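Student: One structure coming up, written as structure tokens, with questions to follow.
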Amino acid sequence: MSKKIINPILSGFYPDPSVCVANGKFYLVNSSFSYFPGLPIFESSDCCEWTQIGNVIDRDSQLNFSGQGVSRGLFAPTIRYNNGKFYCICTQVDRIGNFFVTADKPEGPWSDPIVIEGAEGIDPSLFFDDDGTVWYIGTRPAPEGCKYNGNWEIWIQQIDISTGKLLGDSKGIWRGALKDCVWPEGPHIYKIDGMYYLLHAEGGTGPDHAVCVARCATIDGEWEGKKSNPILTHRHLGKTAGVVYVGHADLFCDNNNRWWMVCLASRPYGEGENRCCNMGRETFLVPVKWEDGWPVASWQTGLVENAYTIEGNVSKREIGDKNAVNFPKEDDFNSENLDMYWLGLRRIDKNYINCTENLGNLRLYGGSDFDGDNVSFIARRQTSFSFKAYAKLCANFNNDNDSAGLICFQNEKFYYKVQFKLTGKIVRIQLIKCAGENEELLAEDVYTGGTKEVCGILKVVAEKQSIRFEYGNDDKNLTTLAENIDASILSVEKAGGFVGTVIGMFAVSGGDFTKKDFYADFDWFKYEDFSKDWTL
């Protein structure tokens with residue numbers, strides 16, 4: 001069976017993709033906001049199968065995320081390769097601003113950040129011209145003052161790539177393809193057949209998101225937009241489309257001189273007001289060809305399709321076709337280090353989160369709540385409309401209100417958690433909902449009494465926008481705690497922000513978490529998608 005491009009190439013919360021080509025291979029990075037480790041990096045040799053090889057931000061010494069909400073942190077990275085070195089440039093909002101890191105190998109180690117002083121705005125990119133100059137590209141508010149919300153411009157300035165110092169004066173070069181455009185962002189510049197091309201997004205990150213292109217004979221001249229802009233969008237399909245929010249793209253050429261574009265988009269599911277995008281913004285790949293000096297995306301339909309041949313033709317997914325990425329279905333925590341796909345919130349403090357103190361187990365000491373900076377929380381992305389996730393844990397309670405369990409997490413104010421909790425001399429099994437400022441108890445049972453050491457299995461089963469929560473001693477014979485629970489609060493439409501749902505394990509101390517007198521050991525965690533649908 002011939003290999004195909006199967007979309008999305010990265011299912012789940014993988015927004016703002018950027019790709020570079022180096023030594024015949026392709027390297028892809030994504031935004032990660034305040035999750036740690038940050039900026040996951042994937043490698044492919046054929047654009048069909050992708051493997052995560054690391055994270056660009058994987059040391060506490062590189063960046064500090066303390067106090068940053070889950071949808072702040074790292075925005076819109078760009079990865080580039082030049083003269084044997086990899087560069088990843090990004091924005092840490094509310095903290096150091098625009099910066100870049102470097103590496104000799106894409107898997108790292110990556111350097112500490114080099115801050116670009118005076119680089120206003122967000123969504124930075126680098127362009128290495130063939131005359132040796134290097135250019136910074138970004139987006140910023142209109143310098144004369146914004147006439148309306150989203151009245152920004154794309155600007156350029158030379159940069160000394162050895163020091164990160166901007167050189168000369170900056171110049172605004174583009175304010176979007178449409179009149180009164182909002183949020184021209186995610187800019188990337190390329191030089192192709194002697195012409196400079198600017199690829200960018202506009203219209204905001206929601207229903208009006210789109211990819212547009214402009215070109216110029218000189219990088220600092222007068223830029224001309226393609227008359228048929230946008231070159232890729234689904235905004236004309238309306239709210240019932242299977243793929244929405246298409247935008248934020250990057251171009252690259254493969255080893256057979258074929259052009260491709262990575263972009264982000266989302267896949268809503270549910271009914272009526274509950275038709276929402278729980279997985280957030282995912283990464284898709286579409287073919288590109290050139291006509292009359294302009295790129296044409298997904299030329300057969302103009303849409304993001306489920307499958308393409310490696311020649312770029314629209315195809316159909318067949319039973320034997322593999323996903324572009326296949327993450328493990330189970331982690332038994334037998335390694336001393338967590339796998340690179342696991343996420344912590346703001347940091348992973350090994351004093352509180354480790355696989356070394358009880359080999360074969362993930363130990364979580366009770367931490368702060370989810371707004372704090374000492375969160376004991378490890379999760380992975382939701383990657384399908386329907387899934388099941390379950391874990392075996394043993395909790396050693398000490399304080400009243402110590403709790404540990406599984407969580408379906410969208411942000412600090414929107415989540416479901418099924419947990420064991422010590423209340424007096426009773427250990428209860430509880431389902432907690434948070435959809436705003438306060439937690440709400442939806443269901444509970446008495447699990448046991450007279451002991452502070454409890455073992456059990458917790459399970460989450462999501463069938464599209466309906467979730468069931470289960471518990472028990474044997475994963476083949478579990479008791480339902482609650483069912484038909486609305487999952488749509490775990491979507492960007494209900495919760496806001498820029499991230500997608502993650503599912504994982506947590507422990508919260510009912511007392512002083514700095515004493516480390518409560519912990520939970522997780523023997524294993526299993527996650528399995530069982531939806532075969534491409535869109536709903």
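In the structure tokens, the first chain shown is A, the next is B, and so on; residue numbers restart at 1 for each chain, and ligands run from 1 in the order shown.
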Need the shell around A:Phe498: protein/DNA/RNA residues with any atom at most 9 Å away, counting only C-alpha atoms. Skip same-chain ones fewer than 3 positions apart. Format as a list in words?
Tutor: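 The contact residues come out as Pro15, Phe33, Val70, Ser71, Arg72, Thr205, Gly280, Arg281 and Val492 of chain A.
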Student: Write the selection just made, keeping C-alpha atoms, as a compact mmCIF listing (two decimals), in the first residue's frame?
Tutor:
```txt
# COMPACT_ATOMS: atom_id res chain seq x y z
CA PRO A 15 -1.21 24.64 16.96
CA PHE A 33 1.85 27.99 25.76
CA VAL A 70 -2.20 27.88 30.57
CA SER A 71 -2.97 29.94 27.43
CA ARG A 72 -0.09 32.38 27.92
CA THR A 205 -7.86 32.50 15.28
CA GLY A 280 -8.14 22.65 20.07
CA ARG A 281 -6.07 23.52 17.01
CA VAL A 492 -12.13 26.50 23.41
```
Student: Mind checking DSSP for stretch 320-528 of chain A and telling me the strand (DSSP E or B) residues as a ChimeraX atom specification?
Tutor: /A:330-331,343-345,353-354,362-365,367,376-381,387-396,403-411,414-423,426-435,439-449,453-463,466-472,479-486,502-508,519-528
Student: Between A:Tyr519, A:Thr163, A:Val460, A:Ser45, which residue has the minimum interatomic distance to A:Asn358, considering only C-alpha atoms?
Tutor: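 Distance minimum relative to A:Asn358 lands on A:Tyr519.
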Student: Identify, with DSSP run on backbone atoms, the residues in stretch 266-487 of chain A assigned to helix (DSSP H, G or I), and express the list as a VMD selection string.
Tutor: chain A and resid 272 to 274 487
Student: Could you turn the residues from that selection into a file that holds N, CA and C atoms, as an mmCIF file, in the first residue's frame?
Tutor:
```cif
data_model
loop_
_atom_site.group_PDB
_atom_site.id
_atom_site.type_symbol
_atom_site.label_atom_id
_atom_site.label_comp_id
_atom_site.auth_asym_id
_atom_site.auth_seq_id
_atom_site.Cartn_x
_atom_site.Cartn_y
_atom_site.Cartn_z
ATOM 1 N N GLY A 272 -25.598 21.143 17.950
ATOM 2 C CA GLY A 272 -26.046 22.476 18.312
ATOM 3 C C GLY A 272 -24.974 23.282 19.013
ATOM 4 N N GLU A 273 -25.334 23.822 20.198
ATOM 5 C CA GLU A 273 -24.386 24.624 20.963
ATOM 6 C C GLU A 273 -23.214 23.800 21.477
ATOM 7 N N ASN A 274 -23.367 22.494 21.478
ATOM 8 C CA ASN A 274 -22.290 21.621 21.937
ATOM 9 C C ASN A 274 -21.399 21.142 20.793
ATOM 10 N N ALA A 487 -19.191 16.980 27.810
ATOM 11 C CA ALA A 487 -17.759 17.226 27.613
ATOM 12 C C ALA A 487 -17.470 18.564 26.956
#
```
Student: Where does stretch 319-434 of chain A meet stretch 290-311 of chain A within 12 Å, residue by residue, with the nearest atom pair and distance in Å to one decimal for each, counting only C-alpha atoms, listed by chain and rising number, as a tab-separated table?
Tutor:
```
residue	atom	partner	partner_atom	distance
A:Asp321	CA	A:Ala307	CA	9.6
A:Lys322	CA	A:Ala307	CA	11.0
A:Asn323	CA	A:Ala307	CA	10.4
A:Ala324	CA	A:Ala307	CA	10.8
```
Student: Export, as a short mmCIF file (atom, residue, chain, number, x, y, z; two decimals), in the first residue's frame, the selected residues with N, CA, C and O atoms.
Tutor:
```cif
data_model
loop_
_atom_site.label_atom_id
_atom_site.label_comp_id
_atom_site.auth_asym_id
_atom_site.auth_seq_id
_atom_site.Cartn_x
_atom_site.Cartn_y
_atom_site.Cartn_z
N ASP A 321 -4.23 2.37 6.24
CA ASP A 321 -3.44 3.60 6.33
C ASP A 321 -3.20 3.98 7.79
O ASP A 321 -4.13 4.03 8.60
N LYS A 322 -1.96 4.27 8.11
CA LYS A 322 -1.58 4.60 9.49
C LYS A 322 -1.73 6.10 9.74
O LYS A 322 -1.62 6.92 8.83
N ASN A 323 -1.96 6.44 11.00
CA ASN A 323 -1.85 7.84 11.40
C ASN A 323 -0.42 8.31 11.20
O ASN A 323 0.52 7.52 11.23
N ALA A 324 -0.26 9.61 11.02
CA ALA A 324 1.08 10.16 10.82
C ALA A 324 1.94 10.00 12.07
O ALA A 324 3.16 9.84 11.98
#
```
